[in-house]
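J.: Just one file: entry.cif, with mmCIF, C-alpha atoms and all ligand atoms.
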data_target
loop_
_atom_site.label_atom_id
_atom_site.label_comp_id
_atom_site.auth_asym_id
_atom_site.auth_seq_id
_atom_site.Cartn_x
_atom_site.Cartn_y
_atom_site.Cartn_z
CA MET A 1 -2.80 20.11 14.91
CA LYS A 2 -3.68 23.34 13.16
CA LYS A 3 -5.43 21.74 10.23
CA PHE A 4 -5.37 24.60 7.73
CA ASP A 5 -1.65 25.13 8.38
CA TYR A 6 -1.01 21.43 7.92
CA MET A 7 -3.13 21.34 4.74
CA ALA A 8 -1.28 24.33 3.33
CA LYS A 9 2.13 22.89 4.19
CA TYR A 10 1.50 19.55 2.46
CA GLY A 11 -0.83 20.68 -0.32
CA TYR A 12 -4.15 19.15 0.73
CA GLU A 13 -7.35 20.04 -1.10
CA GLN A 14 -10.19 19.04 1.21
CA LEU A 15 -11.10 17.58 4.58
CA ILE A 16 -14.69 16.45 5.07
CA TYR A 17 -16.44 15.35 8.28
CA PHE A 18 -19.70 13.42 8.06
CA TYR A 19 -22.16 11.98 10.56
CA ASP A 20 -25.27 9.88 10.04
CA LYS A 21 -27.64 10.20 12.96
CA GLU A 22 -29.57 6.97 12.25
CA THR A 23 -26.60 4.57 12.15
CA GLY A 24 -24.07 6.57 14.17
CA LEU A 25 -21.67 6.54 11.21
CA LYS A 26 -18.89 9.00 12.02
CA GLY A 27 -16.28 9.57 9.36
CA ILE A 28 -13.65 11.82 7.89
CA THR A 29 -12.52 11.91 4.27
CA ALA A 30 -9.27 13.60 3.34
CA ILE A 31 -8.52 14.46 -0.27
CA HIS A 32 -4.87 15.26 -0.77
CA ASP A 33 -4.17 15.91 -4.45
CA THR A 34 -6.32 15.32 -7.52
CA THR A 35 -3.92 16.54 -10.21
CA LEU A 36 -3.74 13.08 -11.80
CA GLY A 37 -7.41 12.18 -11.38
CA PRO A 38 -10.03 11.46 -8.72
CA ALA A 39 -8.66 10.69 -5.28
CA LEU A 40 -8.61 6.94 -4.63
CA GLY A 41 -8.00 5.33 -1.25
CA GLY A 42 -9.78 2.82 0.97
CA THR A 43 -12.04 3.27 3.99
CA ARG A 44 -10.44 2.34 7.30
CA LEU A 45 -12.61 1.56 10.33
CA TRP A 46 -10.79 2.09 13.62
CA ASN A 47 -11.65 2.78 17.23
CA TYR A 48 -9.66 6.01 17.37
CA ALA A 49 -9.13 7.39 20.85
CA THR A 50 -9.88 10.95 19.69
CA GLU A 51 -11.34 12.73 16.68
CA GLU A 52 -8.03 14.51 16.32
CA GLU A 53 -6.20 11.20 15.95
CA ALA A 54 -8.71 10.10 13.29
CA ALA A 55 -8.32 13.32 11.30
CA GLU A 56 -4.52 13.07 11.43
CA ASP A 57 -4.67 9.48 10.22
CA ALA A 58 -7.00 10.40 7.35
CA LEU A 59 -4.71 13.25 6.29
CA ARG A 60 -1.50 11.19 6.55
CA LEU A 61 -2.96 8.18 4.71
CA ALA A 62 -4.49 10.33 1.94
CA ARG A 63 -1.12 11.92 1.20
CA GLY A 64 0.46 8.47 1.17
CA MET A 65 -2.06 7.43 -1.48
CA THR A 66 -1.14 10.39 -3.69
CA TYR A 67 2.46 9.19 -3.75
CA LYS A 68 1.58 5.52 -4.16
CA ASN A 69 -0.86 6.15 -7.02
CA ALA A 70 1.46 8.60 -8.78
CA ALA A 71 4.51 6.34 -8.47
CA ALA A 72 2.51 3.42 -9.88
CA GLY A 73 1.76 5.49 -12.99
CA LEU A 74 -1.99 5.55 -12.35
CA ASN A 75 -4.26 8.44 -13.30
CA ILE A 76 -5.66 8.91 -9.84
CA GLY A 77 -4.93 11.15 -6.91
CA GLY A 78 -4.76 10.41 -3.21
CA GLY A 79 -7.55 10.24 -0.67
CA LYS A 80 -8.65 8.23 2.33
CA THR A 81 -11.68 7.80 4.56
CA VAL A 82 -11.51 6.86 8.20
CA LEU A 83 -14.55 5.78 10.19
CA ILE A 84 -14.50 6.15 13.96
CA GLY A 85 -15.95 3.10 15.68
CA ASP A 86 -15.54 -0.40 17.02
CA ALA A 87 -15.45 -2.80 14.07
CA THR A 88 -17.03 -5.55 16.17
CA LYS A 89 -20.07 -3.38 16.97
CA VAL A 90 -20.89 -0.76 14.34
CA LYS A 91 -21.05 -2.68 11.07
CA SER A 92 -24.40 -3.14 9.34
CA GLU A 93 -25.97 -2.83 5.92
CA ALA A 94 -27.40 0.59 6.81
CA TYR A 95 -24.03 1.79 8.14
CA PHE A 96 -22.20 1.05 4.90
CA ARG A 97 -25.05 2.28 2.71
CA ALA A 98 -24.92 5.56 4.65
CA LEU A 99 -21.19 5.68 3.88
CA GLY A 100 -21.98 5.06 0.21
CA ARG A 101 -24.29 8.08 0.13
CA TYR A 102 -21.58 10.36 1.54
CA VAL A 103 -19.11 9.03 -1.01
CA GLN A 104 -21.69 9.67 -3.76
CA SER A 105 -22.21 13.23 -2.51
CA LEU A 106 -18.59 13.97 -3.48
CA ASN A 107 -19.63 13.32 -7.07
CA GLY A 108 -16.57 11.32 -8.09
CA ARG A 109 -13.87 13.49 -6.54
CA TYR A 110 -13.16 10.56 -4.22
CA ILE A 111 -13.36 6.81 -4.89
CA THR A 112 -13.33 4.37 -2.02
CA ALA A 113 -12.40 0.69 -1.52
CA GLU A 114 -11.86 -1.72 1.38
CA ASP A 115 -9.07 -1.20 3.90
CA VAL A 116 -8.30 -2.18 7.51
CA ASN A 117 -11.51 -3.53 9.14
CA THR A 118 -13.66 -3.06 6.03
CA SER A 119 -14.19 -5.92 3.59
CA VAL A 120 -15.24 -6.55 0.03
CA GLU A 121 -18.61 -7.65 1.48
CA ASP A 122 -18.99 -4.23 3.17
CA MET A 123 -18.18 -2.56 -0.15
CA ASP A 124 -21.08 -4.44 -1.76
CA TYR A 125 -23.37 -2.34 0.50
CA VAL A 126 -21.44 0.84 -0.30
CA MET A 127 -21.92 0.08 -4.00
CA MET A 128 -25.72 0.06 -3.57
CA GLU A 129 -25.52 3.83 -2.97
CA THR A 130 -22.56 5.04 -5.02
CA ASP A 131 -20.83 4.63 -8.36
CA TYR A 132 -17.54 5.55 -6.73
CA VAL A 133 -16.30 2.34 -5.10
CA VAL A 134 -13.80 -0.23 -6.41
CA GLY A 135 -12.27 -3.49 -5.17
CA LEU A 136 -15.51 -5.40 -5.58
CA ARG A 137 -15.96 -9.16 -5.41
CA LYS A 138 -17.62 -9.37 -8.80
CA THR A 139 -14.80 -7.61 -10.62
CA SER A 140 -11.20 -7.35 -9.39
CA GLY A 141 -11.67 -9.60 -6.32
CA ASP A 142 -8.99 -10.28 -3.71
CA PRO A 143 -6.07 -7.85 -4.23
CA SER A 144 -3.52 -9.99 -2.34
CA PRO A 145 -2.30 -12.17 -5.26
CA PHE A 146 -1.68 -8.97 -7.25
CA THR A 147 0.15 -7.33 -4.36
CA ALA A 148 2.22 -10.52 -4.07
CA LEU A 149 3.04 -10.55 -7.78
CA GLY A 150 4.23 -6.95 -7.49
CA VAL A 151 6.39 -7.87 -4.49
CA TYR A 152 7.87 -10.82 -6.39
CA VAL A 153 8.80 -8.77 -9.48
CA GLY A 154 10.01 -6.04 -7.12
CA ILE A 155 12.35 -8.51 -5.41
CA LYS A 156 13.65 -9.50 -8.83
CA ALA A 157 14.26 -5.85 -9.81
CA SER A 158 16.07 -5.31 -6.51
CA CYS A 159 18.26 -8.37 -7.18
CA LYS A 160 19.05 -6.96 -10.64
CA GLU A 161 20.13 -3.69 -9.05
CA LYS A 162 22.12 -5.25 -6.22
CA PHE A 163 23.53 -8.45 -7.71
CA GLY A 164 23.42 -7.73 -11.48
CA SER A 165 20.95 -10.56 -12.17
CA ASP A 166 17.24 -10.69 -11.49
CA SER A 167 17.14 -14.43 -10.92
CA VAL A 168 16.18 -15.53 -7.41
CA LYS A 169 17.13 -19.14 -8.13
CA GLY A 170 19.47 -20.33 -5.38
CA LEU A 171 19.08 -17.11 -3.36
CA THR A 172 17.77 -17.21 0.21
CA VAL A 173 14.73 -15.09 0.96
CA ALA A 174 13.36 -14.61 4.49
CA VAL A 175 9.63 -13.88 4.45
CA GLN A 176 8.10 -12.43 7.61
CA GLY A 177 4.36 -13.09 7.71
CA VAL A 178 2.66 -15.60 5.44
CA GLY A 179 -0.90 -14.29 5.43
CA HIS A 180 -2.82 -13.16 2.36
CA VAL A 181 0.16 -11.60 0.59
CA GLY A 182 3.04 -13.60 2.08
CA TYR A 183 1.58 -16.95 0.98
CA TYR A 184 1.61 -15.96 -2.70
CA VAL A 185 5.03 -14.30 -2.42
CA VAL A 186 6.42 -17.61 -1.10
CA LYS A 187 4.70 -19.46 -3.97
CA HIS A 188 6.36 -17.30 -6.64
CA LEU A 189 9.77 -17.52 -4.98
CA VAL A 190 9.69 -21.29 -4.48
CA GLU A 191 8.49 -21.82 -8.04
CA GLU A 192 11.55 -19.95 -9.32
CA GLY A 193 13.91 -21.99 -7.13
CA ALA A 194 14.66 -19.65 -4.21
CA ASN A 195 15.41 -21.06 -0.74
CA VAL A 196 12.67 -19.61 1.42
CA ILE A 197 12.66 -19.14 5.18
CA ILE A 198 9.41 -18.07 6.81
CA SER A 199 8.13 -16.86 10.17
CA ASP A 200 4.62 -16.15 11.41
CA ILE A 201 2.80 -15.93 14.73
CA ASN A 202 -0.21 -17.77 13.35
CA GLN A 203 0.42 -21.54 13.24
CA ALA A 204 -2.44 -22.17 10.80
CA ASN A 205 -0.83 -19.86 8.24
CA ILE A 206 2.56 -21.56 8.73
CA ASP A 207 0.93 -24.98 8.29
CA LYS A 208 -0.74 -23.89 5.05
CA VAL A 209 2.59 -22.81 3.58
CA THR A 210 4.57 -25.85 4.78
CA SER A 211 1.97 -28.23 3.42
CA ASP A 212 2.12 -26.59 -0.03
CA PHE A 213 5.84 -25.69 -0.34
CA LYS A 214 9.26 -26.79 0.86
CA VAL A 215 10.39 -23.95 3.15
CA LYS A 216 12.28 -23.59 6.40
CA VAL A 217 10.41 -22.15 9.42
CA VAL A 218 12.01 -20.04 12.15
CA LYS A 219 10.61 -18.43 15.30
CA ALA A 220 9.09 -14.96 14.89
CA ASP A 221 11.96 -13.08 16.53
CA GLU A 222 14.63 -15.03 14.62
CA ILE A 223 13.67 -13.89 11.13
CA TYR A 224 15.72 -10.66 11.26
CA SER A 225 19.02 -12.40 11.94
CA VAL A 226 18.81 -15.37 9.56
CA ASP A 227 21.47 -15.65 6.87
CA CYS A 228 19.70 -14.50 3.73
CA ASP A 229 20.03 -12.39 0.59
CA VAL A 230 16.61 -10.75 0.83
CA TYR A 231 14.40 -9.90 3.81
CA THR A 232 10.75 -9.71 2.77
CA PRO A 233 8.49 -8.15 5.43
CA CYS A 234 4.85 -9.12 4.75
CA ALA A 235 3.44 -8.71 8.26
CA LEU A 236 3.50 -5.47 10.21
CA GLY A 237 4.87 -1.99 9.72
CA ALA A 238 7.87 -0.48 11.53
CA THR A 239 9.91 -3.70 11.57
CA ILE A 240 12.96 -1.83 10.26
CA ASN A 241 14.07 0.02 13.36
CA ASP A 242 16.99 0.60 15.72
CA GLU A 243 16.62 -2.87 17.27
CA THR A 244 16.31 -4.91 14.07
CA ILE A 245 18.75 -3.18 11.70
CA PRO A 246 21.89 -4.38 13.57
CA GLN A 247 20.57 -7.97 13.28
CA LEU A 248 20.03 -7.93 9.50
CA LYS A 249 22.35 -10.04 7.34
CA CYS A 250 20.45 -9.43 4.10
CA LYS A 251 21.49 -7.23 1.19
CA ILE A 252 17.94 -6.26 0.21
CA VAL A 253 14.77 -5.33 2.12
CA ALA A 254 11.77 -5.76 -0.17
CA GLY A 255 8.27 -6.72 1.01
CA SER A 256 4.62 -5.72 1.12
CA ALA A 257 4.33 -4.34 4.66
CA ASN A 258 3.18 -0.72 4.75
CA ASN A 259 5.31 1.82 6.60
CA VAL A 260 8.03 -0.76 7.12
CA LEU A 261 10.58 1.88 8.13
CA LYS A 262 9.84 2.94 11.70
CA GLU A 263 11.21 6.40 10.92
CA ALA A 264 12.45 7.95 7.68
CA ARG A 265 16.01 7.95 9.01
CA HIS A 266 15.99 4.14 9.04
CA GLY A 267 16.01 4.27 5.23
CA GLU A 268 19.26 6.25 5.37
CA ILE A 269 20.76 3.78 7.86
CA LEU A 270 19.98 0.85 5.55
CA GLN A 271 21.69 2.70 2.73
CA GLU A 272 24.79 3.38 4.84
CA LYS A 273 24.96 -0.33 5.63
CA GLY A 274 24.81 -1.19 1.92
CA ILE A 275 21.31 -2.70 2.17
CA LEU A 276 19.04 -1.86 -0.76
CA TYR A 277 15.54 -0.85 0.36
CA ALA A 278 12.59 -1.22 -2.02
CA PRO A 279 10.25 1.63 -0.96
CA ASP A 280 7.07 0.08 0.45
CA TYR A 281 4.55 2.09 -1.52
CA VAL A 282 6.23 1.31 -4.83
CA ILE A 283 6.67 -2.44 -4.32
CA ASN A 284 3.26 -3.04 -2.68
CA ALA A 285 1.17 -1.16 -5.26
CA GLY A 286 -0.07 -4.33 -7.01
CA GLY A 287 -3.37 -4.27 -5.11
CA VAL A 288 -4.23 -0.66 -5.97
CA ILE A 289 -3.12 -1.17 -9.58
CA ASN A 290 -5.57 -4.07 -9.77
CA VAL A 291 -8.54 -2.16 -8.32
CA TYR A 292 -7.75 0.88 -10.49
CA GLN A 293 -8.32 -1.37 -13.49
CA GLU A 294 -12.00 -1.48 -12.50
CA MET A 295 -12.28 2.20 -13.38
CA LEU A 296 -11.15 1.42 -16.93
CA GLY A 297 -13.22 -1.74 -17.39
CA TYR A 298 -11.71 -4.69 -15.59
CA ASP A 299 -9.35 -6.89 -17.60
CA ILE A 300 -7.18 -9.31 -15.65
CA ASN A 301 -4.44 -9.44 -18.31
CA GLU A 302 -4.18 -5.66 -18.41
CA ALA A 303 -4.07 -5.56 -14.59
CA THR A 304 -1.34 -8.22 -14.53
CA ASN A 305 0.76 -6.37 -17.13
CA LYS A 306 0.52 -3.17 -15.09
CA VAL A 307 1.49 -4.97 -11.88
CA ASN A 308 4.53 -6.41 -13.68
CA SER A 309 5.62 -2.84 -14.45
CA ILE A 310 6.52 -2.46 -10.75
CA TYR A 311 9.80 -4.06 -11.88
CA ASP A 312 10.62 -1.05 -14.10
CA LYS A 313 9.32 1.48 -11.57
CA LEU A 314 11.72 0.16 -8.96
CA LEU A 315 14.65 0.21 -11.37
CA GLU A 316 13.75 3.85 -12.07
CA VAL A 317 13.72 4.62 -8.32
CA TYR A 318 17.13 2.97 -7.88
CA LYS A 319 18.54 4.95 -10.83
CA ILE A 320 17.31 8.25 -9.33
CA ALA A 321 18.79 7.27 -5.94
CA ARG A 322 22.16 6.44 -7.53
CA GLU A 323 22.33 9.54 -9.71
CA GLU A 324 21.13 11.99 -7.08
CA LYS A 325 22.93 10.22 -4.22
CA ILE A 326 19.79 10.04 -2.11
CA SER A 327 18.02 7.23 -0.29
CA THR A 328 15.62 5.07 -2.26
CA SER A 329 12.65 6.33 -0.21
CA ILE A 330 13.43 9.93 -1.10
CA ALA A 331 14.00 8.87 -4.71
CA ALA A 332 10.52 7.29 -4.80
CA ASP A 333 8.98 10.52 -3.48
CA ARG A 334 10.84 12.52 -6.15
CA MET A 335 9.64 10.17 -8.90
CA ALA A 336 6.03 10.59 -7.75
CA GLU A 337 6.32 14.38 -7.32
CA LYS A 338 7.92 14.74 -10.75
CA ARG A 339 5.06 12.90 -12.44
CA ILE A 340 2.44 15.06 -10.67
CA ALA A 341 4.31 18.26 -11.63
CA LYS A 342 4.61 17.16 -15.27
CA MET A 343 0.92 16.31 -15.56
CA LYS A 344 -0.06 19.60 -13.91
CA ASN A 345 1.85 21.31 -16.68
CA VAL A 346 0.28 19.15 -19.42
CA ARG A 347 -3.18 20.20 -18.19
CA SER A 348 -2.38 23.87 -17.97
CA ASN A 349 -4.11 24.77 -21.26
CA TYR A 350 -7.84 24.73 -21.99
CA ILE A 351 -9.01 21.98 -24.34
CA LYS A 352 -12.71 21.45 -24.98
CA ARG A 353 -13.67 17.74 -24.92
P1 LIG B 1 -2.52 -10.65 6.69
O1 LIG B 1 -3.09 -10.19 7.98
O2 LIG B 1 -3.30 -11.59 5.84
O3 LIG B 1 -1.09 -11.36 6.94
C1 LIG B 1 -0.16 -10.88 7.84
C2 LIG B 1 0.52 -12.10 8.45
O4 LIG B 1 1.56 -11.63 9.31
C3 LIG B 1 -0.41 -12.95 9.30
O5 LIG B 1 -0.27 -14.32 8.95
C4 LIG B 1 0.06 -12.69 10.73
O6 LIG B 1 -0.11 -13.78 11.60
C5 LIG B 1 1.54 -12.40 10.48
N1 LIG B 1 2.21 -11.70 11.57
C6 LIG B 1 1.75 -10.74 12.38
N2 LIG B 1 2.70 -10.36 13.26
C7 LIG B 1 3.80 -11.09 12.97
C8 LIG B 1 5.11 -11.15 13.51
N3 LIG B 1 5.49 -10.39 14.54
N4 LIG B 1 5.99 -12.02 12.95
C9 LIG B 1 5.63 -12.82 11.93
N5 LIG B 1 4.39 -12.79 11.38
C10 LIG B 1 3.50 -11.95 11.89
O7 LIG B 1 -2.15 -9.32 5.90
P2 LIG B 1 -1.81 -9.17 4.34
O8 LIG B 1 -3.03 -8.74 3.63
O9 LIG B 1 -1.08 -10.38 3.87
O10 LIG B 1 -0.83 -7.91 4.37
C11 LIG B 1 0.50 -8.01 4.84
C12 LIG B 1 1.14 -6.64 4.83
O11 LIG B 1 1.13 -6.09 3.50
C13 LIG B 1 0.43 -5.59 5.71
O12 LIG B 1 1.40 -4.72 6.25
C14 LIG B 1 -0.43 -4.84 4.70
O13 LIG B 1 -0.69 -3.51 5.15
C15 LIG B 1 0.45 -4.84 3.49
N6 LIG B 1 -0.27 -4.70 2.22
C16 LIG B 1 -1.20 -5.62 1.88
C17 LIG B 1 -1.88 -5.49 0.66
C18 LIG B 1 -2.89 -6.52 0.22
O14 LIG B 1 -3.22 -6.56 -0.98
N7 LIG B 1 -3.37 -7.39 1.10
C19 LIG B 1 -1.59 -4.40 -0.19
C20 LIG B 1 -0.61 -3.47 0.19
C21 LIG B 1 0.05 -3.63 1.41
#
Could I get this structure in the form of structure tokens?
Ligand code: NAD
T.:
Amino acid sequence: MKKFDYMAKYGYEQLIYFYDKETGLKGITAIHDTTLGPALGGTRLWNYATEEEAAEDALRLARGMTYKNAAAGLNIGGGKTVLIGDATKVKSEAYFRALGRYVQSLNGRYITAEDVNTSVEDMDYVMMETDYVVGLRKTSGDPSPFTALGVYVGIKASCKEKFGSDSVKGLTVAVQGVGHVGYYVVKHLVEEGANVIISDINQANIDKVTSDFKVKVVKADEIYSVDCDVYTPCALGATINDETIPQLKCKIVAGSANNVLKEARHGEILQEKGILYAPDYVINAGGVINVYQEMLGYDINEATNKVNSIYDKLLEVYKIAREEKISTSIAADRMAEKRIAKMKNVRSNYIKR
């Protein structure tokens, strides 16, 4: 990848490499766009095969955060850090404190949080060295219940758009993956009177759900073809693909899984088949909305109200898609881009504060 060409094409601001010789910390931070505010995005620890792969991931994920944060109506831009290493070997207090010092050196242009293979406990070490970390145990806590609430209200908005009513009572919802997010999604749905079908590959997670709620369980590969109104992917990405789309009997795809469309064209195929797709980064923004609240002074009621607004955001996306005759994923991108462009314009004059 020619990085400067790529950065120019997609409007990146900065790409930073850092290395700590004592701990072996090797990382890359990408800052995509800070029009709306400091770049916020978690730190991912992954055993990348090459440095190139790590840099590409940082760039791609940072841009994704710009769209997610903008679409959620937050005053933050998009960024991401990736650390190159084996999560079972490299972690230590010194390692994460070294990360904290690099984050601090950016002087607030980038704010980090936990992500794949980094935990809230790791962020406690990061916090010892920087003011620019969120998603901490002592404040916003576990983001999953907030992500799940956003998914639940997002399912309701999607039902409103597709069926004319936002009630899920009596509807059948198939939830793939009942881990941190899926468990709470099931809870909300069952409490409102939906018929819920679940699948998971982890028996302990299935047992937890079946002991708490009345749901039907199917085998992992059967979830795509069950008779249902809504398919709610809360496990892996890329589950909407050429193999699964022909099996779907649902009218709505709405869940927390990131990058649920294997390729962008799968969004168009869903649309052609009359299946409404809730764009992943709009419906799963509850977690980032919750951690963002830490920057303003954490208030759980305020965070909850903002997560509930995912309902209106999705209706807005669906309206854009209808009016402009485009897929809902493209409509979500347009909504995010429009907000960034408007705010750029608002800030075009000099005001002394
Ligand atoms: P998790 O690991 O706690 O849960 C995922 C569950 O999916 C696990 O129970 C796992 O066994 C199950 N699973 C894996 N493969 C499966 C398969 N083939 N079929 C059925 N089940 C399978 O993860 P999570 O935190 O609940 O996140 C779920 C998804 O939502 C992920 O894609 C994540 O990126 C996304 N997401 C999570 C959050 C959050 O706040 N946790 C925020 C935004 C997006």
J.: Counting all atoms listed in the file, figure out which residue out of A:Ser144, A:Thr81, A:Thr50, A:Asn69 gets nearest to A:Gln14.
T.: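 Of the candidates, the smallest distance to A:Gln14 is held by A:Thr81.
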J.: May I ask for the distance between atom CA of A:Ala220 and atom CA of A:Tyr48, given in Å to one decimal place?
T.: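 If I compute the distance from atom CA of A:Ala220 to atom CA of A:Tyr48, I get 28.2 Å.
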J.: Please list as a PDB file with C-alpha atoms, in the frame of the given file every residue within 9 Å of stretch 99-102 of chain A, counting only C-alpha atoms and excluding residues in the same chain fewer than 5 positions away.
T.:
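Once everything was written out, this is part03.pdb:
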ATOM      1  CA  PHE A  18     -19.700  13.420   8.060  1.00  0.00           C
ATOM      2  CA  ASP A  20     -25.270   9.880  10.040  1.00  0.00           C
ATOM      3  CA  LEU A  25     -21.670   6.540  11.210  1.00  0.00           C
ATOM      4  CA  GLY A  27     -16.280   9.570   9.360  1.00  0.00           C
ATOM      5  CA  ALA A  94     -27.400   0.590   6.810  1.00  0.00           C
ATOM      6  CA  THR A 112     -13.330   4.370  -2.020  1.00  0.00           C
ATOM      7  CA  MET A 123     -18.180  -2.560  -0.150  1.00  0.00           C
ATOM      8  CA  TYR A 125     -23.370  -2.340   0.500  1.00  0.00           C
ATOM      9  CA  VAL A 126     -21.440   0.840  -0.300  1.00  0.00           C
ATOM     10  CA  MET A 127     -21.920   0.080  -4.000  1.00  0.00           C
ATOM     11  CA  MET A 128     -25.720   0.060  -3.570  1.00  0.00           C
ATOM     12  CA  GLU A 129     -25.520   3.830  -2.970  1.00  0.00           C
ATOM     13  CA  THR A 130     -22.560   5.040  -5.020  1.00  0.00           C
ATOM     14  CA  ASP A 131     -20.830   4.630  -8.360  1.00  0.00           C
ATOM     15  CA  TYR A 132     -17.540   5.550  -6.730  1.00  0.00           C
ATOM     16  CA  VAL A 133     -16.300   2.340  -5.100  1.00  0.00           C
TER      17      VAL A 133
END
J.: For A:Gly237, list every protein, DNA or RNA residue within 10 Å, evaluated using all atoms listed in the file, and leave out those in the same chain fewer than 5 positions away; present the list as a ChimeraX atom specification.
T.: /A:256-262,280
J.: Please identify all polymer residues within 8 Å of stretch 242-246 of chain A, counting all atoms listed in the file, omitting same-chain residues fewer than 2 positions from it, and present them as a VMD selection string.
T.: chain A and resid 224 239 to 240 248 266 270
J.: Can you tell me which residues sit at most 6 Å away from ligand LIG 1 (chain B), counting only C-alpha atoms and all ligand atoms, written as an mmCIF file with C-alpha atoms, in the coordinates of the input?
T.:
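Final output, saved to result-v1.cif:
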data_model
loop_
_atom_site.group_PDB
_atom_site.id
_atom_site.type_symbol
_atom_site.label_atom_id
_atom_site.label_comp_id
_atom_site.auth_asym_id
_atom_site.auth_seq_id
_atom_site.Cartn_x
_atom_site.Cartn_y
_atom_site.Cartn_z
ATOM 1 C CA PRO A 143 -6.070 -7.850 -4.230
ATOM 2 C CA SER A 144 -3.520 -9.990 -2.340
ATOM 3 C CA THR A 147 0.150 -7.330 -4.360
ATOM 4 C CA GLN A 176 8.100 -12.430 7.610
ATOM 5 C CA GLY A 177 4.360 -13.090 7.710
ATOM 6 C CA VAL A 178 2.660 -15.600 5.440
ATOM 7 C CA GLY A 179 -0.900 -14.290 5.430
ATOM 8 C CA HIS A 180 -2.820 -13.160 2.360
ATOM 9 C CA VAL A 181 0.160 -11.600 0.590
ATOM 10 C CA GLY A 182 3.040 -13.600 2.080
ATOM 11 C CA SER A 199 8.130 -16.860 10.170
ATOM 12 C CA ASP A 200 4.620 -16.150 11.410
ATOM 13 C CA ILE A 201 2.800 -15.930 14.730
ATOM 14 C CA ASN A 202 -0.210 -17.770 13.350
ATOM 15 C CA ASN A 205 -0.830 -19.860 8.240
ATOM 16 C CA ALA A 220 9.090 -14.960 14.890
ATOM 17 C CA CYS A 234 4.850 -9.120 4.750
ATOM 18 C CA ALA A 235 3.440 -8.710 8.260
ATOM 19 C CA LEU A 236 3.500 -5.470 10.210
ATOM 20 C CA GLY A 237 4.870 -1.990 9.720
ATOM 21 C CA SER A 256 4.620 -5.720 1.120
ATOM 22 C CA ALA A 257 4.330 -4.340 4.660
ATOM 23 C CA ASN A 258 3.180 -0.720 4.750
ATOM 24 C CA ASN A 284 3.260 -3.040 -2.680
ATOM 25 C CA GLY A 287 -3.370 -4.270 -5.110
#
J.: Would you give me, as CSV, each residue of stretch 32-129 of chain A having an atom within 8 Å of an atom of stretch 338-352 of chain A, along with its shortest atom pair and that distance in Å to one decimal, using all atoms listed in the file and sorting by chain and residue number?
T.:
residue,atom,partner,partner_atom,distance
A:Thr35,CA,A:Lys344,CA,6.2
A:Leu36,CA,A:Ile340,CA,6.6
A:Ala70,CA,A:Arg339,CA,6.7
A:Ala71,CA,A:Arg339,CA,7.7
J.: Which of these residues is nearest to A:Ser140, using all atoms listed in the file: A:Val190, A:Met295, A:Leu59, A:Ala332?
T.: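 Once distances to A:Ser140 are computed over all atoms listed in the file, the minimum belongs to A:Met295.
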J.: For the atom pair atom CA of A:Ala62 and atom CA of A:Trp46, what is the interatomic distance in Å to one decimal place?
T.: 15.6 Å
J.: Can you work out which one of A:Lys2, A:Lys80, A:Lys68, A:Lys214 has the shortest atom-to-atom distance to A:Ala54, counting all atoms listed in the file?
T.: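 Among the listed residues, the smallest separation from A:Ala54 belongs to A:Lys80.
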J.: Nearest to A:Tyr281 among A:Leu45, A:Val209, A:Val153, A:Ala72, with distances taken over all atoms listed in the file: which residue is it?
T.: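 Checking each of A:Leu45, A:Val209, A:Val153, A:Ala72 against A:Tyr281, counting all atoms listed in the file, the winner is A:Ala72.
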J.: Using all atoms listed in the file, determine which residues lie at most 8 Å from A:Lys249, disregarding the query and same-chain residues fewer than 2 positions distant; provide the list as a VMD selection string.
T.: chain A and resid 224 to 229 247 251
J.: Taking only C-alpha atoms into account, name the residue in A:Leu61, A:Leu83, A:Val253, A:Met335 that is nearest to A:Ala98.
T.: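 Result for the nearest residue to A:Ala98: A:Leu83.
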J.: For a quick check of understanding, using only C-alpha atoms, which of A:Thr23, A:Ser211, A:Thr43, A:Thr172 has the smallest distance to A:Asn117?
T.: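 When distances to A:Asn117 are compared using only C-alpha atoms, the smallest one comes from A:Thr43.
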J.: By how many Å are atom CA of A:Asp33 and atom CA of A:Ala55 apart?
T.: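 According to the coordinates, atom CA of A:Asp33 and atom CA of A:Ala55 are separated by 16.5 Å.
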J.: Do a neighbour search on A:Gln293 at 12 Å with all atoms listed in the file, toss out local chain neighbours closer than 4 positions, and write the hits as a ChimeraX atom specification.
T.: /A:74-76,134-136,139-141,143,146,286-289,297-307
